[in-house]
Amino acid sequence: MMRVVMWAALAAACGSSQPAPPSKPVVCSPSDPCWPAASEWDGLAHQLAGQLLRPGAPVASTNPFTLQDDPEATQSAGWIDAWTSTASPYVVAAANANDVAAAVRFATAHHVKLAIKGTGHDYLGRSNAADTLLIWTHQMRAIEVVDAFVPHGCAVPPVPAISAGAGTRWIEAYRAVTGEHARYVQGGGCTSVGVAGGFLQGGGFGSWSKEFGVAAAGLLEAEVVTADGKIRIANACSEPDLYWALRGGGGGTFGVVTRVTLATYPLPSTFGVAHGRIVAKSDAAYRRLIEHFVAFYREHLDNEHWGESIQVRADNAMRISMSSQGLSQAEVDAAWQPFRDYLKTEPELAVELEVSAFPATAMWNTEVLAKVAPEAIHRDPAHPELYWWSGDGDQVGAYWYAYRSRWLPRALLADPRLPGALFEASRHWSAELHFNKGLGGGNPDAIARSRTTAVNPSAIDATALLIVGAFRESPTEDRAAGERARAAVTAAFEPVAALAPDAGSYANEGDYFEAEWQRRFWGVNYPRLLAIKHAYDPTNVFSCHHCVGSE
């Protein structure tokens with residue numbers, strides 16, 4: 001069954017004086033004479049506080065936490081004509097940074113390609129690869145919430161923070177920060193995504209990014225193992241270039257991050273949701289619905305209080321999945337009243353729309369959610385404190401046919417062409433606007449912090465991220481269905497993307513086949529990122545698809 005999912009040339013941008021990409025290393029595979037002997041693998045195992053594993057084939061499960069307990073399983077099963085989830089012959093189940101350093105030194109000495117996996121959430125397949133030594137950080141989940149953190153070597157005022165190991169999932173971070181300390185840490189909406197991996201290093205957007213900025217902006221310090229096998233502390237005072245690159249330059253690129261320390265913020269008094277489905281009985285009524293929603297968003301929701309998404313569909317349905325922060329029930333009702341008033345004037349619309357606010361301390365409380373919104377979550381039977389949102393459940397084990405994204409500048413909210421382009425997109429495939437994945441209209445302080453990161457500036461000025469994607473809900477390929485879905489995704493994506501031809505695309509949620517990936521994913525930041533990659537990893541020990549230096 002097919003579902004739709006919530007997304008001057010490079011030479012001119014980089015200039016001729018930029019450093020060449022890191023050189024391609026010699027790589028040994030198990031069939032080569034240079035592949036390490038059994039005794040050499042035993043030697044690595046004896047260096048570890050964790051374990052050296054020889055796993056089998058990945059498990060198949062619709063539970064993301066079960067998948068994460070298997071070193072070889074990944075959230076996505078693959079992508080047509082691109083990659084298929086593949087087991088590594090050896091896995092270092094790292095217990096600490098020393099284990100990671102030992103794995104990096106071993107792989108470098110023996111010319112073995114590395115793969116790095118925290119939770120395995122990666123659309124582009126960068127957390128698995130054949131014939132690799134996999135560094136698996138799943139067991140590194142120690143968390144410490146501190147009231148006064150000062151980065152190593154810095155003379156700055158202390159700030160509240162959370163320090164988390166590389167295997168920590170956001171549900172665990174939220175429970176520690178919000179559930180136990182009544183504060184907020186900017187992280188991902190998907191509870192099973194890892195804190196320290198590609199999400200954070202690629203920028204990282206949460207439900208309320210317009211208020212708190214990208215997650216990378218909250219990174220105060222990182223412990224990271226670089227290509228030379230050294231354990232480094234990167235912050236604004238120590239290894240500042242590496243620190244900047246880790247804040248948005250992409251995961252699995254500049255080193256293996258083993259621990260992160262993130263700023264925490266005062267907890268809003270409330271969180272809220274606006275969710276529902278509106279179906280038009282005619283194309284004309286659907287056009288009017290889209291036009292009115294865009295105008296309504298521009299006038300009433302284009303601020304730091306609102307995030308998440310809407311979806312326009314081929315069946316003339318609009319799905320609304322918006323969230324709020326810091327607004328009372330009366331305030332969220334007032335915000336949506338103009339849209340509700342319009343809906344009452346349209347007899348050709350069938351409307352299901354609910355708006356609510358609740359105490360922010362309940363947001364990640366599994367017991368509360370299980371009582372008030374049991375249909376919204378799935379709980380892990382083995383660990384009832386763990387849950388994932390129903391909307392994220394469809395993607396577990398997905399085999400991707402297409403996935404495209406583009407940041408839409410805030411100015412497009414006033415462009416009369418936007419509603420028509422969204423309607424045209426919906427004639428071919430469903431398309432989504434993720435308002436929380438653009439900072440336009442947000443908190444000025446959060447925007448300023450986010451500009452200090454390596455995240456593509458397109459995200460800072462965008463009102464939303466356009467996403468159009470398609471997948472099969474099984475780890476198998478259907479060639480004919482895949483070809484049809486890819487064509488439909490392209491037909492839906494292009495009318496809207498054409499309104500922002502120079503805008504960027506989100507590296508964590510982008511197209512595997514993006515031709516101009518350097519410019520689309522990092523924009524003007526790419527030359528500096530490439531120079532830092534060259535300095536810290538001149539032989540490209542850390543290589544992955546569409547990562548800095550992977551030309």
# chains A, B, ... in the order shown; residues from 1 in each chain; ligands from 1

call {"tool": "residues_around", "arguments": {"residues": "range 380-397 of chain A", "least_positions_apart": "2", "cutoff": "9 Å", "atoms": "only C-alpha atoms", "output": "ChimeraX atom specification"}}
result
/A:3,5,60-67,74-78,171-172,189-192,365-367,375-378,399,471-475

call {"tool": "write_last_selection", "arguments": {"atoms": "N, CA and C atoms", "output": "JSON list (two decimals), in the first residue's frame"}}
result
[["chain", "number", "residue", "atom", "x", "y", "z"],
["A", 3, "ARG", "N", 1.77, 5.14, 0.64],
["A", 3, "ARG", "CA", 1.41, 6.27, 1.48],
["A", 3, "ARG", "C", 2.33, 7.44, 1.14],
["A", 5, "VAL", "N", 4.45, 10.75, 2.64],
["A", 5, "VAL", "CA", 5.11, 11.06, 3.87],
["A", 5, "VAL", "C", 5.40, 12.54, 3.98],
["A", 60, "ALA", "N", 13.04, -7.84, 11.17],
["A", 60, "ALA", "CA", 11.96, -7.06, 10.57],
["A", 60, "ALA", "C", 10.95, -6.77, 11.67],
["A", 61, "SER", "N", 10.59, -5.51, 11.85],
["A", 61, "SER", "CA", 9.67, -5.13, 12.90],
["A", 61, "SER", "C", 9.01, -3.80, 12.55],
["A", 62, "THR", "N", 7.83, -3.58, 13.08],
["A", 62, "THR", "CA", 7.17, -2.29, 12.95],
["A", 62, "THR", "C", 7.32, -1.46, 14.22],
["A", 63, "ASN", "N", 8.17, -1.92, 15.11],
["A", 63, "ASN", "CA", 8.46, -1.21, 16.36],
["A", 63, "ASN", "C", 9.84, -0.58, 16.22],
["A", 64, "PRO", "N", 9.94, 0.76, 16.20],
["A", 64, "PRO", "CA", 11.25, 1.39, 15.98],
["A", 64, "PRO", "C", 12.24, 1.10, 17.10],
["A", 65, "PHE", "N", 11.77, 0.90, 18.32],
["A", 65, "PHE", "CA", 12.68, 0.61, 19.41],
["A", 65, "PHE", "C", 13.22, -0.81, 19.34],
["A", 66, "THR", "N", 12.41, -1.75, 18.84],
["A", 66, "THR", "CA", 12.90, -3.10, 18.60],
["A", 66, "THR", "C", 13.99, -3.09, 17.54],
["A", 67, "LEU", "N", 13.77, -2.32, 16.48],
["A", 67, "LEU", "CA", 14.79, -2.22, 15.43],
["A", 67, "LEU", "C", 16.10, -1.69, 15.99],
["A", 74, "THR", "N", 17.61, -1.07, 10.42],
["A", 74, "THR", "CA", 17.50, 0.36, 10.19],
["A", 74, "THR", "C", 16.04, 0.76, 10.05],
["A", 75, "GLN", "N", 15.74, 2.01, 10.34],
["A", 75, "GLN", "CA", 14.36, 2.50, 10.28],
["A", 75, "GLN", "C", 13.79, 2.37, 8.88],
["A", 76, "SER", "N", 14.57, 2.72, 7.86],
["A", 76, "SER", "CA", 14.16, 2.53, 6.47],
["A", 76, "SER", "C", 14.82, 1.27, 5.93],
["A", 77, "ALA", "N", 14.08, 0.53, 5.09],
["A", 77, "ALA", "CA", 14.60, -0.71, 4.53],
["A", 77, "ALA", "C", 15.44, -0.48, 3.29],
["A", 78, "GLY", "N", 15.25, 0.66, 2.64],
["A", 78, "GLY", "CA", 16.02, 0.95, 1.44],
["A", 78, "GLY", "C", 15.34, 2.00, 0.59],
["A", 171, "ILE", "N", 12.94, 10.62, 23.29],
["A", 171, "ILE", "CA", 11.98, 10.35, 24.34],
["A", 171, "ILE", "C", 12.67, 10.29, 25.70],
["A", 172, "GLU", "N", 13.89, 9.77, 25.74],
["A", 172, "GLU", "CA", 14.63, 9.70, 27.00],
["A", 172, "GLU", "C", 15.12, 11.07, 27.44],
["A", 189, "GLY", "N", 10.62, 15.73, 16.79],
["A", 189, "GLY", "CA", 9.25, 15.34, 17.06],
["A", 189, "GLY", "C", 9.10, 13.84, 17.17],
["A", 190, "CYS", "N", 9.88, 13.08, 16.41],
["A", 190, "CYS", "CA", 9.84, 11.63, 16.44],
["A", 190, "CYS", "C", 10.59, 11.15, 17.68],
["A", 191, "THR", "N", 9.91, 10.44, 18.56],
["A", 191, "THR", "CA", 10.48, 10.10, 19.86],
["A", 191, "THR", "C", 11.64, 9.12, 19.78],
["A", 192, "SER", "N", 11.71, 8.32, 18.73],
["A", 192, "SER", "CA", 12.75, 7.29, 18.65],
["A", 192, "SER", "C", 14.00, 7.76, 17.92],
["A", 365, "ASN", "N", 4.63, 12.53, 28.82],
["A", 365, "ASN", "CA", 4.23, 11.62, 29.89],
["A", 365, "ASN", "C", 3.40, 10.50, 29.27],
["A", 366, "THR", "N", 3.98, 9.33, 29.16],
["A", 366, "THR", "CA", 3.34, 8.23, 28.46],
["A", 366, "THR", "C", 2.01, 7.84, 29.09],
["A", 367, "GLU", "N", 1.95, 7.85, 30.40],
["A", 367, "GLU", "CA", 0.72, 7.44, 31.07],
["A", 367, "GLU", "C", -0.41, 8.43, 30.80],
["A", 375, "GLU", "N", -5.22, 6.84, 20.70],
["A", 375, "GLU", "CA", -5.09, 6.61, 19.26],
["A", 375, "GLU", "C", -3.87, 7.31, 18.66],
["A", 376, "ALA", "N", -3.27, 8.23, 19.40],
["A", 376, "ALA", "CA", -2.16, 9.02, 18.88],
["A", 376, "ALA", "C", -0.81, 8.37, 19.08],
["A", 377, "ILE", "N", -0.74, 7.35, 19.94],
["A", 377, "ILE", "CA", 0.56, 6.77, 20.25],
["A", 377, "ILE", "C", 0.51, 5.25, 20.14],
["A", 378, "HIS", "N", 1.70, 4.67, 19.90],
["A", 378, "HIS", "CA", 1.92, 3.23, 19.99],
["A", 378, "HIS", "C", 2.95, 3.02, 21.09],
["A", 399, "TYR", "N", 10.26, 1.11, 2.48],
["A", 399, "TYR", "CA", 11.15, 1.04, 1.32],
["A", 399, "TYR", "C", 10.79, 2.22, 0.42],
["A", 471, "PHE", "N", 6.57, 5.75, -0.40],
["A", 471, "PHE", "CA", 7.26, 4.53, -0.01],
["A", 471, "PHE", "C", 6.31, 3.35, -0.03],
["A", 472, "ARG", "N", 6.90, 2.18, 0.02],
["A", 472, "ARG", "CA", 6.16, 0.92, 0.11],
["A", 472, "ARG", "C", 6.29, 0.42, 1.53],
["A", 473, "GLU", "N", 5.21, -0.05, 2.12],
["A", 473, "GLU", "CA", 5.23, -0.48, 3.51],
["A", 473, "GLU", "C", 5.71, -1.92, 3.67],
["A", 474, "SER", "N", 6.80, -2.26, 2.98],
["A", 474, "SER", "CA", 7.43, -3.56, 3.16],
["A", 474, "SER", "C", 8.84, -3.44, 2.60],
["A", 475, "PRO", "N", 9.76, -4.28, 3.09],
["A", 475, "PRO", "CA", 11.15, -4.16, 2.65],
["A", 475, "PRO", "C", 11.41, -4.83, 1.30]]

call {"tool": "select_by_dssp", "arguments": {"residues": "range 335-442 of chain A", "states": "strand (DSSP E or B)", "output": "PDB file with N, CA and C atoms, in the first residue's frame"}}
result
ATOM      1  N   LEU A 349     -17.804  21.722   2.121  1.00  0.00           N
ATOM      2  CA  LEU A 349     -16.713  21.185   2.926  1.00  0.00           C
ATOM      3  C   LEU A 349     -17.247  20.305   4.049  1.00  0.00           C
ATOM      4  N   ALA A 350     -16.642  19.137   4.213  1.00  0.00           N
ATOM      5  CA  ALA A 350     -16.888  18.273   5.369  1.00  0.00           C
ATOM      6  C   ALA A 350     -15.730  18.471   6.339  1.00  0.00           C
ATOM      7  N   VAL A 351     -16.019  18.910   7.537  1.00  0.00           N
ATOM      8  CA  VAL A 351     -14.984  19.398   8.445  1.00  0.00           C
ATOM      9  C   VAL A 351     -14.892  18.537   9.700  1.00  0.00           C
ATOM     10  N   GLU A 352     -13.667  18.123  10.007  1.00  0.00           N
ATOM     11  CA  GLU A 352     -13.310  17.547  11.305  1.00  0.00           C
ATOM     12  C   GLU A 352     -12.096  18.322  11.790  1.00  0.00           C
ATOM     13  N   LEU A 353     -12.248  19.115  12.834  1.00  0.00           N
ATOM     14  CA  LEU A 353     -11.145  19.947  13.313  1.00  0.00           C
ATOM     15  C   LEU A 353     -11.263  20.121  14.819  1.00  0.00           C
ATOM     16  N   GLU A 354     -10.207  19.754  15.530  1.00  0.00           N
ATOM     17  CA  GLU A 354     -10.169  19.912  16.976  1.00  0.00           C
ATOM     18  C   GLU A 354      -8.942  20.736  17.356  1.00  0.00           C
ATOM     19  N   VAL A 355      -9.137  21.614  18.313  1.00  0.00           N
ATOM     20  CA  VAL A 355      -8.055  22.480  18.786  1.00  0.00           C
ATOM     21  C   VAL A 355      -8.019  22.380  20.307  1.00  0.00           C
ATOM     22  N   SER A 356      -6.828  22.158  20.870  1.00  0.00           N
ATOM     23  CA  SER A 356      -6.742  22.008  22.321  1.00  0.00           C
ATOM     24  C   SER A 356      -5.374  22.444  22.825  1.00  0.00           C
ATOM     25  N   ALA A 357      -5.327  22.765  24.110  1.00  0.00           N
ATOM     26  CA  ALA A 357      -4.075  23.086  24.801  1.00  0.00           C
ATOM     27  C   ALA A 357      -4.049  22.317  26.109  1.00  0.00           C
ATOM     28  N   PHE A 358      -2.843  22.016  26.611  1.00  0.00           N
ATOM     29  CA  PHE A 358      -2.717  21.223  27.826  1.00  0.00           C
ATOM     30  C   PHE A 358      -1.409  21.594  28.516  1.00  0.00           C
ATOM     31  N   PRO A 359      -1.248  21.281  29.784  1.00  0.00           N
ATOM     32  CA  PRO A 359      -0.007  21.615  30.491  1.00  0.00           C
ATOM     33  C   PRO A 359       1.204  20.994  29.806  1.00  0.00           C
ATOM     34  N   ILE A 377      -0.736   7.350  19.935  1.00  0.00           N
ATOM     35  CA  ILE A 377       0.559   6.765  20.251  1.00  0.00           C
ATOM     36  C   ILE A 377       0.514   5.246  20.138  1.00  0.00           C
ATOM     37  N   HIS A 378       1.700   4.669  19.897  1.00  0.00           N
ATOM     38  CA  HIS A 378       1.918   3.234  19.995  1.00  0.00           C
ATOM     39  C   HIS A 378       2.953   3.017  21.089  1.00  0.00           C
ATOM     40  N   ARG A 379       2.691   2.083  21.997  1.00  0.00           N
ATOM     41  CA  ARG A 379       3.614   1.823  23.099  1.00  0.00           C
ATOM     42  C   ARG A 379       4.386   0.542  22.850  1.00  0.00           C
ATOM     43  N   ASP A 380       5.634   0.541  23.288  1.00  0.00           N
ATOM     44  CA  ASP A 380       6.481  -0.638  23.188  1.00  0.00           C
ATOM     45  C   ASP A 380       6.029  -1.623  24.282  1.00  0.00           C
ATOM     46  N   HIS A 383       8.594  -2.251  26.866  1.00  0.00           N
ATOM     47  CA  HIS A 383       9.005  -1.061  27.628  1.00  0.00           C
ATOM     48  C   HIS A 383       7.879  -0.036  27.521  1.00  0.00           C
ATOM     49  N   PRO A 384       6.839  -0.151  28.332  1.00  0.00           N
ATOM     50  CA  PRO A 384       5.653   0.698  28.190  1.00  0.00           C
ATOM     51  C   PRO A 384       5.929   2.191  28.309  1.00  0.00           C
ATOM     52  N   GLU A 385       7.071   2.554  28.909  1.00  0.00           N
ATOM     53  CA  GLU A 385       7.399   3.979  29.009  1.00  0.00           C
ATOM     54  C   GLU A 385       7.832   4.565  27.668  1.00  0.00           C
ATOM     55  N   LEU A 386       8.114   3.702  26.703  1.00  0.00           N
ATOM     56  CA  LEU A 386       8.523   4.143  25.374  1.00  0.00           C
ATOM     57  C   LEU A 386       7.304   4.139  24.444  1.00  0.00           C
ATOM     58  N   TYR A 387       7.194   5.168  23.626  1.00  0.00           N
ATOM     59  CA  TYR A 387       6.102   5.220  22.661  1.00  0.00           C
ATOM     60  C   TYR A 387       6.572   5.960  21.422  1.00  0.00           C
ATOM     61  N   TRP A 388       5.824   5.759  20.357  1.00  0.00           N
ATOM     62  CA  TRP A 388       6.051   6.559  19.151  1.00  0.00           C
ATOM     63  C   TRP A 388       4.702   7.025  18.633  1.00  0.00           C
ATOM     64  N   TRP A 389       4.714   8.164  17.945  1.00  0.00           N
ATOM     65  CA  TRP A 389       3.469   8.737  17.432  1.00  0.00           C
ATOM     66  C   TRP A 389       2.914   7.880  16.300  1.00  0.00           C
ATOM     67  N   ALA A 398      10.013   1.218   6.052  1.00  0.00           N
ATOM     68  CA  ALA A 398       9.588   1.661   4.723  1.00  0.00           C
ATOM     69  C   ALA A 398      10.688   1.466   3.682  1.00  0.00           C
ATOM     70  N   TYR A 399      10.255   1.110   2.475  1.00  0.00           N
ATOM     71  CA  TYR A 399      11.152   1.037   1.319  1.00  0.00           C
ATOM     72  C   TYR A 399      10.785   2.219   0.420  1.00  0.00           C
ATOM     73  N   TRP A 400      11.724   3.152   0.248  1.00  0.00           N
ATOM     74  CA  TRP A 400      11.423   4.444  -0.370  1.00  0.00           C
ATOM     75  C   TRP A 400      11.477   4.386  -1.891  1.00  0.00           C
ATOM     76  N   TYR A 401      10.488   5.058  -2.490  1.00  0.00           N
ATOM     77  CA  TYR A 401      10.457   5.223  -3.938  1.00  0.00           C
ATOM     78  C   TYR A 401      10.895   6.628  -4.348  1.00  0.00           C
ATOM     79  N   ALA A 402      10.606   7.609  -3.530  1.00  0.00           N
ATOM     80  CA  ALA A 402      10.989   8.991  -3.835  1.00  0.00           C
ATOM     81  C   ALA A 402      10.828   9.823  -2.581  1.00  0.00           C
ATOM     82  N   TYR A 403      11.638  10.870  -2.475  1.00  0.00           N
ATOM     83  CA  TYR A 403      11.548  11.803  -1.354  1.00  0.00           C
ATOM     84  C   TYR A 403      12.233  13.098  -1.783  1.00  0.00           C
ATOM     85  N   ARG A 404      11.467  14.176  -1.817  1.00  0.00           N
ATOM     86  CA  ARG A 404      12.023  15.457  -2.256  1.00  0.00           C
ATOM     87  C   ARG A 404      11.593  16.554  -1.293  1.00  0.00           C
ATOM     88  N   SER A 405      12.466  17.522  -1.101  1.00  0.00           N
ATOM     89  CA  SER A 405      12.145  18.624  -0.191  1.00  0.00           C
ATOM     90  C   SER A 405      12.707  19.931  -0.729  1.00  0.00           C
ATOM     91  N   ARG A 406      12.104  21.027  -0.295  1.00  0.00           N
ATOM     92  CA  ARG A 406      12.572  22.363  -0.682  1.00  0.00           C
ATOM     93  C   ARG A 406      12.058  23.373   0.346  1.00  0.00           C
ATOM     94  N   TRP A 407      12.976  24.224   0.829  1.00  0.00           N
ATOM     95  CA  TRP A 407      12.552  25.297   1.720  1.00  0.00           C
ATOM     96  C   TRP A 407      11.857  26.388   0.920  1.00  0.00           C
ATOM     97  N   LEU A 408      10.716  26.858   1.442  1.00  0.00           N
ATOM     98  CA  LEU A 408       9.924  27.882   0.771  1.00  0.00           C
ATOM     99  C   LEU A 408      10.106  29.205   1.505  1.00  0.00           C
ATOM    100  N   PRO A 409      10.635  30.215   0.832  1.00  0.00           N
ATOM    101  CA  PRO A 409      10.860  31.507   1.482  1.00  0.00           C
ATOM    102  C   PRO A 409       9.570  32.072   2.070  1.00  0.00           C
ATOM    103  N   ALA A 431       1.179  16.422  -0.984  1.00  0.00           N
ATOM    104  CA  ALA A 431       2.324  17.266  -0.661  1.00  0.00           C
ATOM    105  C   ALA A 431       2.114  17.866   0.721  1.00  0.00           C
ATOM    106  N   GLU A 432       3.212  18.085   1.416  1.00  0.00           N
ATOM    107  CA  GLU A 432       3.119  18.605   2.777  1.00  0.00           C
ATOM    108  C   GLU A 432       3.954  19.858   2.945  1.00  0.00           C
ATOM    109  N   LEU A 433       3.459  20.753   3.777  1.00  0.00           N
ATOM    110  CA  LEU A 433       4.209  21.926   4.211  1.00  0.00           C
ATOM    111  C   LEU A 433       4.496  21.761   5.698  1.00  0.00           C
ATOM    112  N   HIS A 434       5.795  21.665   6.043  1.00  0.00           N
ATOM    113  CA  HIS A 434       6.216  21.535   7.437  1.00  0.00           C
ATOM    114  C   HIS A 434       6.661  22.908   7.921  1.00  0.00           C
TER     115      HIS A 434
END

call {"tool": "closest_atom_pairs", "arguments": {"of": "range 148-213 of chain A", "to": "range 247-271 of chain A", "cutoff": "9 Å", "atoms": "only C-alpha atoms", "output": "tab-separated table"}}
result
residue	atom	partner	partner_atom	distance
A:Phe149	CA	A:Ala263	CA	8.7
A:Pro151	CA	A:Thr261	CA	8.8
A:Val159	CA	A:Ala263	CA	7.0
A:Pro160	CA	A:Thr264	CA	5.7
A:Ala161	CA	A:Ala263	CA	4.4
A:Ile162	CA	A:Leu262	CA	5.4
A:Ser163	CA	A:Thr261	CA	4.1
A:Ala164	CA	A:Val260	CA	5.5
A:Gly165	CA	A:Arg259	CA	4.4
A:Ala166	CA	A:Thr258	CA	4.8
A:Gly167	CA	A:Thr258	CA	8.2
A:Val177	CA	A:Thr264	CA	7.7
A:Thr178	CA	A:Leu267	CA	7.4
A:Ala182	CA	A:Leu267	CA	6.1
A:Arg183	CA	A:Leu267	CA	4.4
A:Tyr184	CA	A:Leu267	CA	5.0
A:Val185	CA	A:Thr264	CA	4.7
A:Gln186	CA	A:Thr264	CA	7.4
A:Val195	CA	A:Val260	CA	8.2
A:Ala196	CA	A:Val260	CA	6.2
A:Gly197	CA	A:Gly251	CA	5.9
A:Gly198	CA	A:Gly251	CA	4.1
A:Phe199	CA	A:Gly251	CA	7.5
A:Leu200	CA	A:Gly248	CA	7.1
A:Gln201	CA	A:Gly248	CA	4.8
A:Gly202	CA	A:Gly250	CA	4.2
A:Gly203	CA	A:Gly248	CA	4.2
A:Gly204	CA	A:Gly248	CA	7.9
A:Phe212	CA	A:Tyr265	CA	8.3

call {"tool": "select_by_dssp", "arguments": {"residues": "range 93-292 of chain A", "states": "helix (DSSP H, G or I)", "output": "PyMOL selection string"}}
result
chain A and resi 97-110+170-181+198-201+209-212+215-218+240-246+283-292

call {"tool": "closest_residue", "arguments": {"among": "A:Leu343, A:Ala227, A:Met140, A:Met322", "to": "His292 in chain A", "atoms": "only C-alpha atoms"}}
result
A:Leu343

call {"tool": "atom_distance", "arguments": {"atom1": "CA of Ile290 in chain A", "atom2": "CA of Gly272 in chain A"}}
result
22.9 Å

call {"tool": "atom_distance", "arguments": {"atom1": "CA of Arg287 in chain A", "atom2": "CA of Arg410 in chain A"}}
result
20.9 Å

call {"tool": "residues_around", "arguments": {"residues": "Ala115 in chain A", "least_positions_apart": "2", "cutoff": "12 Å", "atoms": "only C-alpha atoms", "output": "JSON, numbers by chain"}}
result
{"A": [71, 72, 86, 87, 88, 89, 90, 91, 92, 100, 103, 104, 107, 112, 113, 117, 118, 120, 125, 126, 127, 128, 129, 130, 131, 132, 133, 134, 135, 136, 137, 251, 252, 253, 255, 256, 541, 542, 543, 544, 545]}

call {"tool": "residues_around", "arguments": {"residues": "Ala421 in chain A", "least_positions_apart": "2", "cutoff": "9 Å", "atoms": "only C-alpha atoms", "output": "PyMOL selection string"}}
result
chain A and resi 417-419+423-426+492+494-499

call {"tool": "write_last_selection", "arguments": {"atoms": "C-alpha atoms", "output": "mmCIF file, in the first residue's frame"}}
result
data_model
loop_
_atom_site.group_PDB
_atom_site.id
_atom_site.type_symbol
_atom_site.label_atom_id
_atom_site.label_comp_id
_atom_site.auth_asym_id
_atom_site.auth_seq_id
_atom_site.Cartn_x
_atom_site.Cartn_y
_atom_site.Cartn_z
ATOM 1 C CA ARG A 417 0.759 31.755 -7.071
ATOM 2 C CA LEU A 418 1.320 29.593 -3.969
ATOM 3 C CA PRO A 419 -2.268 28.334 -3.421
ATOM 4 C CA PHE A 423 -3.628 22.685 -5.706
ATOM 5 C CA GLU A 424 -1.734 21.604 -8.839
ATOM 6 C CA ALA A 425 0.617 19.491 -6.704
ATOM 7 C CA SER A 426 -2.322 17.732 -5.099
ATOM 8 C CA ALA A 492 3.608 17.180 -7.493
ATOM 9 C CA GLU A 494 7.783 20.787 -9.321
ATOM 10 C CA PRO A 495 4.878 23.302 -9.367
ATOM 11 C CA VAL A 496 5.605 24.404 -5.795
ATOM 12 C CA ALA A 497 9.396 24.104 -5.937
ATOM 13 C CA ALA A 498 9.426 26.238 -9.097
ATOM 14 C CA LEU A 499 8.314 29.188 -6.966
#
